Every structure is written in C-alpha cells, then in structure tokens.
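Student: Input structure: protein19.txt, which contains compact mmCIF, C-alpha atoms.
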```txt
# COMPACT_ATOMS: atom_id res chain seq x y z
CA HIS M 1 -31.00 -30.85 53.39
CA SER M 2 -32.05 -27.28 54.29
CA ASN M 3 -28.58 -25.99 53.37
CA THR M 4 -28.88 -27.64 49.96
CA CYS M 5 -32.29 -26.03 49.37
CA SER M 6 -30.98 -22.66 50.47
CA THR M 7 -28.03 -22.94 48.09
CA MET M 8 -30.33 -23.92 45.22
CA LYS M 9 -32.64 -20.97 45.96
CA LYS M 10 -29.70 -18.55 45.96
CA GLY M 11 -28.47 -19.99 42.69
CA LEU M 12 -31.94 -19.66 41.18
CA VAL M 13 -32.22 -16.05 42.34
CA LYS M 14 -28.81 -15.24 40.80
CA MET M 15 -29.87 -16.81 37.51
CA ILE M 16 -33.11 -14.82 37.49
CA VAL M 17 -31.29 -11.57 38.31
CA TRP M 18 -28.67 -12.29 35.63
CA GLY M 19 -31.38 -13.12 33.11
CA LEU M 20 -33.34 -9.95 33.88
CA SER M 21 -30.16 -7.86 33.64
CA LEU M 22 -29.33 -9.36 30.26
CA LEU M 23 -32.87 -8.73 29.04
CA ALA M 24 -32.66 -5.11 30.24
CA VAL M 25 -29.38 -4.62 28.34
CA ILE M 26 -30.89 -6.10 25.16
CA VAL M 27 -33.97 -3.91 25.44
CA LEU M 28 -31.85 -0.84 26.15
CA PHE M 29 -29.54 -1.61 23.21
CA GLY M 30 -32.54 -2.08 20.94
CA PHE M 31 -34.04 1.20 22.13
CA VAL M 32 -30.78 3.10 21.59
CA ASN M 33 -30.34 1.50 18.18
CA GLN M 34 -33.88 2.47 17.16
CA GLN M 35 -33.28 6.03 18.37
CA ARG M 36 -30.04 6.19 16.40
CA LYS M 37 -31.73 5.00 13.22
CA ALA M 38 -34.49 7.55 13.68
CA ALA M 39 -32.00 10.34 14.33
CA PHE M 40 -30.65 12.54 11.58
CA CYS M 41 -27.01 12.25 10.55
CA ASN M 42 -25.52 15.72 10.88
CA GLU M 43 -21.91 14.82 11.60
CA ASN M 44 -19.34 12.74 9.77
CA LYS M 45 -15.64 12.08 10.13
CA VAL M 46 -13.28 11.03 7.33
CA SER M 47 -9.97 9.54 8.49
CA ILE M 48 -7.22 8.93 5.92
CA LEU M 49 -4.92 6.33 7.43
CA GLY M 50 -1.42 5.21 6.49
CA ASP M 51 1.62 7.23 5.42
CA SER M 52 0.76 10.89 6.09
CA SER M 53 3.19 12.04 3.37
CA VAL M 54 1.04 10.29 0.74
CA GLN M 55 -2.00 12.35 -0.23
CA PHE M 56 -3.63 10.63 -3.17
CA ILE M 57 -7.01 11.17 -1.55
CA VAL M 58 -8.17 13.71 1.06
CA GLU M 59 -11.43 14.31 2.94
CA GLU M 60 -12.73 16.72 0.30
CA ASP M 61 -12.26 14.06 -2.41
CA VAL M 62 -14.29 11.54 -0.43
CA LEU M 63 -17.19 13.95 0.15
CA ASP M 64 -17.13 15.04 -3.51
CA LEU M 65 -17.15 11.40 -4.62
CA LEU M 66 -20.26 10.65 -2.56
CA HIS M 67 -21.96 13.87 -3.70
CA ASN M 68 -21.29 13.05 -7.37
CA LYS M 69 -22.82 9.60 -6.86
CA GLY M 70 -25.92 11.18 -5.35
CA ILE M 71 -25.25 9.75 -1.89
CA ARG M 72 -26.42 12.15 0.82
CA ILE M 73 -24.93 11.89 4.31
CA ASP M 74 -26.00 15.24 5.82
CA SER M 75 -29.45 15.93 7.28
CA VAL M 76 -30.55 12.41 6.37
CA ARG M 77 -32.04 9.84 8.73
CA ALA M 78 -29.39 7.37 9.82
CA ALA M 79 -31.71 4.52 8.81
CA ASP M 80 -31.70 5.82 5.22
CA ILE M 81 -27.91 5.81 4.89
CA ASN M 82 -26.54 2.66 3.27
CA LEU M 83 -23.13 2.09 4.88
CA LEU M 84 -22.22 -0.73 2.47
CA GLU M 85 -23.00 1.48 -0.54
CA ILE M 86 -20.72 4.23 0.79
CA GLU M 87 -17.95 1.72 1.47
CA THR M 88 -18.26 0.25 -2.03
CA GLU M 89 -18.08 3.64 -3.73
CA ILE M 90 -15.00 4.67 -1.72
CA LEU M 91 -13.30 1.38 -2.63
CA HIS M 92 -13.78 2.22 -6.30
CA HIS M 93 -11.29 5.07 -5.93
CA PRO M 94 -7.99 3.84 -7.40
CA ALA M 95 -5.93 5.14 -4.46
CA VAL M 96 -7.95 3.31 -1.79
CA GLN M 97 -6.72 0.01 -0.40
CA SER M 98 -9.48 -0.52 2.17
CA ALA M 99 -12.42 1.34 3.71
CA ASP M 100 -14.52 0.88 6.83
CA VAL M 101 -17.75 2.88 7.22
CA TYR M 102 -19.65 2.77 10.52
CA TYR M 103 -21.34 4.79 13.27
CA ASN M 104 -19.32 5.35 16.42
CA PRO M 105 -20.96 5.24 19.89
CA SER M 106 -21.68 8.99 19.63
CA GLY M 107 -23.63 8.47 16.41
CA VAL M 108 -21.02 10.07 14.16
CA LEU M 109 -20.74 8.57 10.66
CA CYS M 110 -17.09 7.48 10.42
CA MET M 111 -15.24 6.66 7.21
CA ASP M 112 -11.81 5.13 7.85
CA ILE M 113 -9.77 4.89 4.66
CA VAL M 114 -6.39 3.26 4.07
CA GLN M 115 -4.54 4.56 1.03
CA ARG M 116 -2.44 2.43 -1.25
CA THR M 117 1.31 2.84 -0.76
CA PRO M 118 3.17 3.21 -4.08
CA LEU M 119 6.45 1.32 -4.29
CA ILE M 120 7.77 2.18 -7.74
CA ARG M 121 6.62 4.21 -10.73
CA VAL M 122 6.79 2.54 -14.15
CA ILE M 123 7.20 4.28 -17.51
CA ASP M 124 6.87 1.45 -20.03
CA SER M 125 7.76 0.98 -23.70
CA PHE M 126 4.19 1.88 -24.75
CA GLY M 127 4.38 5.30 -23.10
CA GLU M 128 2.10 4.21 -20.25
CA SER M 129 2.95 5.39 -16.76
CA TYR M 130 1.63 3.86 -13.55
CA TYR M 131 2.62 2.77 -10.05
CA ILE M 132 3.06 -0.65 -8.51
CA ASP M 133 2.01 -0.52 -4.85
CA ASP M 134 3.50 -2.45 -1.93
CA GLN M 135 0.75 -5.09 -2.23
CA GLY M 136 1.70 -5.89 -5.83
CA ASN M 137 -1.22 -4.05 -7.44
CA TYR M 138 -1.02 -1.81 -10.48
CA MET M 139 -2.16 1.70 -9.68
CA PRO M 140 -2.84 4.60 -12.08
CA LEU M 141 -1.22 8.00 -11.69
CA ILE M 142 -3.45 10.42 -9.82
CA GLU M 143 -3.44 14.06 -10.84
CA ARG M 144 -3.66 15.60 -7.39
CA PHE M 145 -0.46 13.99 -6.05
CA THR M 146 2.83 12.54 -7.33
CA ALA M 147 4.58 10.06 -5.07
CA ARG M 148 8.33 10.38 -4.56
CA VAL M 149 9.34 6.83 -5.41
CA PRO M 150 11.98 5.32 -7.73
CA VAL M 151 11.18 5.31 -11.45
CA ALA M 152 11.52 2.25 -13.69
CA THR M 153 12.21 2.72 -17.40
CA GLY M 154 13.64 0.76 -20.33
CA ALA M 155 12.45 -2.46 -21.97
CA ILE M 156 9.16 -2.81 -20.07
CA ASN M 157 6.66 -4.39 -22.44
CA ASP M 158 4.09 -5.87 -20.03
CA PRO M 159 0.45 -5.43 -21.13
CA TYR M 160 -0.91 -6.65 -17.81
CA TYR M 161 -1.51 -3.18 -16.38
CA LYS M 162 -4.55 -2.88 -18.67
CA LEU M 163 -5.87 -6.38 -17.99
CA SER M 164 -7.17 -5.98 -14.42
CA MET M 165 -4.39 -8.19 -13.09
CA SER M 166 -2.00 -7.77 -10.20
CA VAL M 167 1.73 -8.44 -10.11
CA LYS M 168 1.05 -11.26 -7.67
CA ASP M 169 -1.16 -12.91 -10.32
CA ILE M 170 1.84 -12.85 -12.65
CA ILE M 171 4.21 -14.24 -10.03
CA ALA M 172 1.78 -17.11 -9.40
CA ASN M 173 1.75 -18.03 -13.11
CA ASP M 174 5.08 -19.47 -14.29
CA SER M 175 4.48 -18.80 -17.98
CA LEU M 176 3.52 -15.16 -17.37
CA ALA M 177 6.38 -14.65 -14.92
CA ALA M 178 8.88 -15.99 -17.47
CA ARG M 179 8.10 -13.22 -19.96
CA SER M 180 7.07 -10.44 -17.59
CA THR M 181 9.16 -7.54 -16.30
CA THR M 182 6.93 -5.85 -13.75
CA ASP M 183 7.09 -8.85 -11.41
CA ASP M 184 10.90 -8.45 -11.32
CA LEU M 185 10.52 -4.72 -10.68
CA PHE M 186 8.14 -5.44 -7.78
CA THR M 187 10.54 -8.03 -6.31
CA PHE M 188 13.47 -5.64 -6.71
CA ALA M 189 11.66 -2.65 -5.19
CA LEU M 190 10.41 -4.66 -2.20
CA ALA M 191 13.95 -5.88 -1.48
CA ALA M 192 15.37 -2.38 -1.93
CA LYS M 193 12.85 -0.83 0.44
CA ARG M 194 13.76 -3.32 3.16
CA ASP M 195 17.34 -2.02 2.95
CA THR M 196 17.36 1.59 4.18
CA PHE M 197 20.75 2.35 2.61
CA ILE M 198 19.80 1.05 -0.84
CA TRP M 199 16.36 2.71 -0.73
CA ALA M 200 17.95 6.07 0.11
CA GLN M 201 20.33 5.69 -2.84
CA LEU M 202 17.82 4.37 -5.38
CA GLU M 203 16.71 6.96 -7.93
CA GLN M 204 15.92 4.90 -11.00
CA VAL M 205 16.03 1.36 -12.32
CA VAL M 206 16.55 0.63 -16.02
CA VAL M 207 15.43 -2.65 -17.59
CA HIS M 208 17.77 -3.90 -20.34
CA GLU M 209 16.52 -5.83 -23.38
CA ASP M 210 17.86 -9.07 -21.88
CA GLY M 211 15.93 -8.43 -18.66
CA ASP M 212 18.93 -7.32 -16.59
CA LEU M 213 18.25 -4.57 -14.07
CA GLU M 214 20.48 -1.53 -13.79
CA MET M 215 20.22 0.68 -10.73
CA VAL M 216 20.84 4.42 -11.01
CA PRO M 217 21.99 5.72 -7.59
CA GLU M 218 21.77 9.32 -6.41
CA ILE M 219 25.48 9.60 -5.65
CA GLY M 220 28.61 7.71 -6.70
CA PRO M 221 28.77 5.73 -9.97
CA SER M 222 26.10 6.67 -12.49
CA SER M 223 24.98 3.06 -12.93
CA VAL M 224 25.09 -0.22 -11.04
CA LEU M 225 24.33 -3.37 -13.04
CA LEU M 226 22.52 -5.91 -10.86
CA GLY M 227 21.46 -8.47 -13.46
CA SER M 228 18.53 -10.62 -12.39
CA THR M 229 16.62 -10.47 -9.11
CA GLN M 230 18.49 -13.53 -7.83
CA ASP M 231 20.59 -12.98 -4.68
CA LEU M 232 19.57 -9.34 -4.36
CA GLU M 233 20.43 -9.16 -0.67
CA ASP M 234 23.98 -10.32 -1.40
CA LYS M 235 24.32 -7.78 -4.21
CA PHE M 236 23.08 -5.01 -1.94
CA LYS M 237 25.58 -6.02 0.76
CA ARG M 238 28.44 -5.88 -1.75
CA LEU M 239 27.30 -2.46 -2.91
CA GLN M 240 27.09 -1.15 0.66
CA LEU M 241 30.58 -2.48 1.39
CA PHE M 242 31.93 -0.74 -1.70
CA TYR M 243 30.29 2.56 -0.77
CA ARG M 244 31.49 2.32 2.80
CA GLU M 245 35.07 1.14 2.27
CA GLY M 246 35.96 1.60 -1.38
CA LEU M 247 34.66 4.91 -2.62
CA PRO M 248 35.95 7.06 0.30
CA LEU M 249 39.49 5.95 -0.61
CA VAL M 250 39.34 6.68 -4.35
CA GLY M 251 36.73 9.45 -4.46
CA TRP M 252 33.00 9.40 -5.14
CA ASP M 253 33.44 10.25 -8.83
CA ALA M 254 36.25 7.77 -9.52
CA TYR M 255 34.03 5.15 -11.20
CA ARG M 256 31.51 5.51 -13.98
CA SER M 257 29.78 2.17 -13.38
CA LEU M 258 29.75 -0.97 -11.25
CA ASN M 259 28.78 -4.52 -12.19
CA LEU M 260 27.43 -6.74 -9.40
CA LYS M 261 25.88 -9.30 -11.73
CA TYR M 262 28.39 -12.04 -10.96
CA ASN M 263 28.74 -13.78 -7.61
CA SER M 264 31.29 -12.41 -5.13
CA GLN M 265 32.53 -9.80 -7.61
CA ILE M 266 32.40 -6.04 -8.10
CA ILE M 267 33.58 -5.03 -11.57
CA CYS M 268 34.40 -1.33 -11.71
CA THR M 269 34.69 0.93 -14.75
CA LYS M 270 36.68 4.09 -14.12
CA ASN M 271 35.68 7.55 -15.20
CA ILE M 272 37.88 8.90 -17.99
CA ASN M 273 38.81 12.49 -17.31
```
Represent the structure of the file as structure tokens.
Tutor:
Amino acid sequence: HSNTCSTMKKGLVKMIVWGLSLLAVIVLFGFVNQQRKAAFCNENKVSILGDSSVQFIVEEDVLDLLHNKGIRIDSVRAADINLLEIETEILHHPAVQSADVYYNPSGVLCMDIVQRTPLIRVIDSFGESYYIDDQGNYMPLIERFTARVPVATGAINDPYYKLSMSVKDIIANDSLAARSTTDDLFTFALAAKRDTFIWAQLEQVVVHEDGDLEMVPEIGPSSVLLGSTQDLEDKFKRLQLFYREGLPLVGWDAYRSLNLKYNSQIICTKNIN
C-alpha cells in the first residue's frame, strides 16, 4: 500500500513539474512575443525563390511596390506592420506565384517569394503577346525581363487571356477546349519540356488554321509537322530516332520538312538545291 502511495506521489509531482514548466514556456513565449511587437522593425529580407535565371521580379521591385502602396516596413513598430497586407500586395504582382511574409526567430521581417515559371510565349492573331506559365496561367510580358522560352505564332485566336481565366479552366470545359488553341499549346509545351532533347531543339511552334501544330527546330529540317497533341510522346520518340539515326547518314540539311502527323510514319520532304 505504501509503495502505491509513493508511486502516486511521484506521479503527481511529475505532473506538477510538467505543468509548471509548460506554464513557464507559455509565459516566456508571451513575453517574447510582446517584446517583439513592441520592437521596431529595422531589418527585412526578401528572398526570390525558384529558377535563378528568371528575374521577373527582384528585391528592389518588392520594396518599391510596398513604398508605392504607402506600406512602411522600416523604423516601424512590428505590431503596426500588417503581414497579410504585405503578402496580398506582393501577390498582385503578375510575376508572383506565391508569397509568404513572416518574422523569423531573430525578429527579421522575411518575404519569401516564388516567381512564376514561363513555359511558352504566345504572339496571337490579335497582336497580343503573353506567356503561359507551367501552372497553366496566362502571364503578361514584363518589361524588366524577357524569358528565353519557345514562341508560339500562327492562327491563335483565343480571347481568354483578357478574361481572367487560366488554361486549366479551358481544359476543364469541353466546349471551350474544342475551339481553343492555347490549351493545346500548354499541353504541347509541357510534354516538350519533359523531353530534354525536344526542349533543347524547340525554337518555335506554329499553329495552322486547322489547328495542327508545326514545330520549328533549331537545327535540321526547318519544320516538323506534329498535327494534334494526341500521342505526342510517340511523335517525339520518332523525331529523336530520326535525328539520331537518319540525319547523320544523309546530312543535317538534306530535308526541308518532316511530317509526324500520322501513326508510325515519318514523311520527309527533301531540300531542292
């Protein structure tokens, strides 16, 4: 019986000690948090994450954006800085995919920004020019930086760029997808980027009036007709095989164009000297 009482007393003591320790941590955290809010923010850190070769937005742009909106982040009490407001304003920048604004344990105001990654640049039939990013969003051109991505031209008559839609919205709507072109360009560019050989070769894609896609490679034939976006992986494999085993035998300038539109075929048109 005495052993049981002793064990219960020890357990009770442990619970009390644990409870007091937890209370001390809560009080200390509250004290530190109050001190931080009362402190002045004199240091900030802007981190632009993602592909370092893409520079649609830099630290100076972020600070200028906040300044132009009248949002002060220097020599201001931490409690007076609205983190959500800063995050919202940064997200309004057309090159920003996501933003996270917070204080780190040292009290530094951190702004972590992920840029959008352009996949293809479109020059449409209306004279509009814009990007489609790798998330299927339309993205305007930005004066400070031009991305080195393939260019799409030709019979591109989609009005959706101006309608606050995304390419994924079009893909999800059968009637829109049936008469749209930019969804096919997005599908094509995604598939091309997954294939390092094709992506390295791809310079331009031309949309024909009937919706067929024509690839313009950097070397070899001046055009490669792909047709629709159906069976793209198979078409890319046939093209790789031709580049690897066919062209070295006849010469890189032997053919003016290739047609991969039809299953299991490569139709070649020779250059006329």
Student: Have a look at M:Ile90, M:Ile81, M:Leu141, M:Ile198 and name the one nearest to Phe56 in chain M; count only C-alpha atoms.
Tutor: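 Smallest distance to Phe56 in chain M is found for M:Leu141.
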Student: Would you work out the distance separating CA of Ile132 in chain M from CA of His92 in chain M, expressed in Å to one decimal?
Tutor: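 Those two atoms sit 17.2 Å apart.
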Student: Would you kindly identify which residues have an atom no farther than 12 Å from (-5.3, -1.4, -8.6), using all atoms listed in the file and the file's own coordinates, and write them out as a count of residues only?
Tutor: 33
Student: Near range 110-113 of chain M, within 6 Å and counting all atoms listed in the file, which residues show up once chain neighbours fewer than 4 positions away are dropped, as number ranges by chain?
Tutor: M: 44-49, 98-103
Student: Provide the CA of Phe126 in chain M to CA of His208 in chain M distance in Å, to one decimal place.
Tutor: 15.4 Å
Student: So which residues touch range 226-233 of chain M within 12 Å, counting all atoms listed in the file, skipping near sequence neighbours fewer than 3 positions away, as a ChimeraX atom specification?
Tutor: /M:181-195,197-198,205-216,223,236-240,257-267
